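Visitor: Once you've had a glance at the structure underneath, I'll fire off some questions.
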Amino acid sequence: VMTDSVAGEADNVLARALKSGGNSPSLIAGDMAELGPGATLLDVNPVLRDLGAATKQTSDDALATIEGALIGRQLGAKERVVSALEDAANIKEVRVRTPGLDNKIEGLSGRVSEAYDAARAVNIPKTPELEQILTTPHAQAHMREVVKNWQSSKLTDVNPFEGEAIPLEALDMLKKQLNEGSKALGLPGASTVAKNNASSINDVASMMVDRVDQLTDKYAPARALSQKQIGMRNALNFGRETAKRSPESVQLAEEGMKGLRPREQVAAKAGMLESIINRDLGGRGQRTGDVAGKIYDAPGDNVASRRLRLLASDDDAYDALESKLLAERQFNETQKYLTNRTGSRTAPFESATERAADAGGLLTQAAGA
């Protein structure tokens, strides 16, 4: 327990340190507010840091006080950084700490199957317009494979395209066959002739789908639901794969995000968030050291800034994230400086602190103020 004289001496040392730092109480308070919750006077006043570096060498109690005040804060750094990332992305409804978006996407599978089952049970009248499409060379060429697969899977000799009505299931199989044929011909490096053929096949598939949609209201909803699932899954994986802290990955992510629908952008951000937490931060467990530095160095770090801007929901969200990461970096610097057992003995008020019989009490005021 400090005597009145020792407590008074400690207060005087603290006051002189604050004054020597060159900042008024209002500026110090502003600096602490900018760093946010958890900030101490030690984070904003270099003289106090020097004072602490000297004081901790006077006794084990002083050292324990400093470590107790700052290491506990550091152990919560990862949780604070993760929370800051989630706040910036504004996608807490799909936080990766829960089963997350993967399960949401897979949960669509049952609805997709139900929608397609309802659509495939429909028989489509073979109208003159539909028949005209089905007799085009591209449709005929791909229809042969569909008929073969149909007869094999149904154990029948029946051609589903003959008769007055065609099972929508067979037309859906034909659409997929046409899409695959077009994709195979339109690969990068393909000849002009191949690309033209791919475009023609696509046209046939589109015309057929449009005609079928005019004849039933079951097919379009099933396709839309399937595309939603595929688009979100692809976007989630895209976010995971392009979240690396490299110029190439950031550029790829910037270009890719432009073509995504709003819900797919959410999925891509969820993938980026998951990847940054798992790859850059090493998961969600406790971690000491410069956690924020794993994903952000300083305002001039262009690659890190661009990557985090992609994750943030808007400019304000990014600015808030940047401020929190800078604060965490300052917290880490303070801890490193004051828990280094071979710290400076040149603090301006070293002689005064040596006269304080209870150095731990002084540092309790400094670290907890």
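Going through the structure tokens in order, the chains are called A, B, and so on, while each chain numbers its residues from 1 and the ligands are numbered from 1 in the order shown.
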Can you tell me, as a list in words, what residues are no more than 6 Å from region 120-129 of chain A when counting only C-alpha atoms, ignoring any on the same chain fewer than 3 positions away?
Guide: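 Returned residues: Tyr116, Asp117, Gln132, Glu164, Ala165, Ile166, Pro167, Leu168 and Glu169 of chain A.
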Visitor: From a DSSP calculation on the backbone, collect every residue of region 123-234 of chain A in strand (DSSP E or B) and output the set as an MDAnalysis selection string.
Guide: chainID A and resid 123:125 165:167
Visitor: If you run DSSP on this backbone, which residues of region 8-239 of chain A come out as helix (DSSP H, G or I), and could you give them as number ranges by chain?
Guide: A: 8-20, 25-35, 41-44, 46-55, 60-75, 77-89, 92-94, 100-120, 128-134, 137-154, 168-185, 192-215, 219-239
Visitor: Give me the residues near Ser246 (chain A) as number ranges by chain, where near means some atom within 9 Å (using only C-alpha atoms) and where sequence neighbours in that chain fewer than 3 positions away do not count.
Guide: A: 243, 249-251, 303-304, 307
Visitor: From the set A:Ala198, A:Met32, A:Ala119, A:Ala268, which residue has the shortest atom-to-atom contact distance to Leu215 (chain A), counting only C-alpha atoms?
Guide: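 The closest residue to Leu215 (chain A) is A:Ala119.
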Visitor: Would you please work out which residue, of A:Lys104, A:Ala312, A:Ala69, A:Ala115, is nearest to Asn90 (chain A) when using only C-alpha atoms?
Guide: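 Ranking A:Lys104, A:Ala312, A:Ala69, A:Ala115 by distance to Asn90 (chain A), first place goes to A:Ala312.
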Visitor: List the spatial neighbours of Arg80 (chain A) as number ranges by chain - criterion: any atom at most 10 Å away, only C-alpha atoms, same-chain residues fewer than 6 positions off excluded.
Guide: A: 74, 86, 291-292, 324-325, 328
Visitor: Give me the residues within 12 Å of Gly282 (chain A) as a list in words, counting only C-alpha atoms and dropping any in the same chain fewer than 5 places off.
Guide: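 Here the answer would be Lys78, Val82, Glu274, Ser275, Ile276, Ile277, Arg287, Thr288, Val291, Lys294 and Ile295 of chain A.
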Visitor: Would you kindly return, as a list in words, each protein, DNA or RNA residue with an atom no farther than 9 Å from any atom of Val266 (chain A), considering only C-alpha atoms and excluding same-chain residues fewer than 3 positions away?
Guide: Ala89, Asn90, Ile91, Val94, Met232, Ala235, Leu236, Arg261, Pro262, Arg263, Lys269, Ala270 and Gly271 of chain A
Visitor: Would you write out, as CSV, a table of all residues in region 109-147 of chain A that have an atom no more than 9 Å from an atom of region 155-163 of chain A, listing for each the closest atom pair and the distance in Å to one decimal, considering only C-alpha atoms and ordering rows by chain and rising residue number?
Guide:
```
residue,atom,partner,partner_atom,distance
A:Lys126,CA,A:Gly163,CA,7.9
A:Leu134,CA,A:Phe161,CA,8.8
A:Met143,CA,A:Phe161,CA,8.6
A:Val147,CA,A:Asn159,CA,6.0
```
Visitor: Which is closest to Ala88 (chain A) among A:Ala29, A:Met207, A:Val112, A:Leu310, if we use only C-alpha atoms?
Guide: A:Leu310
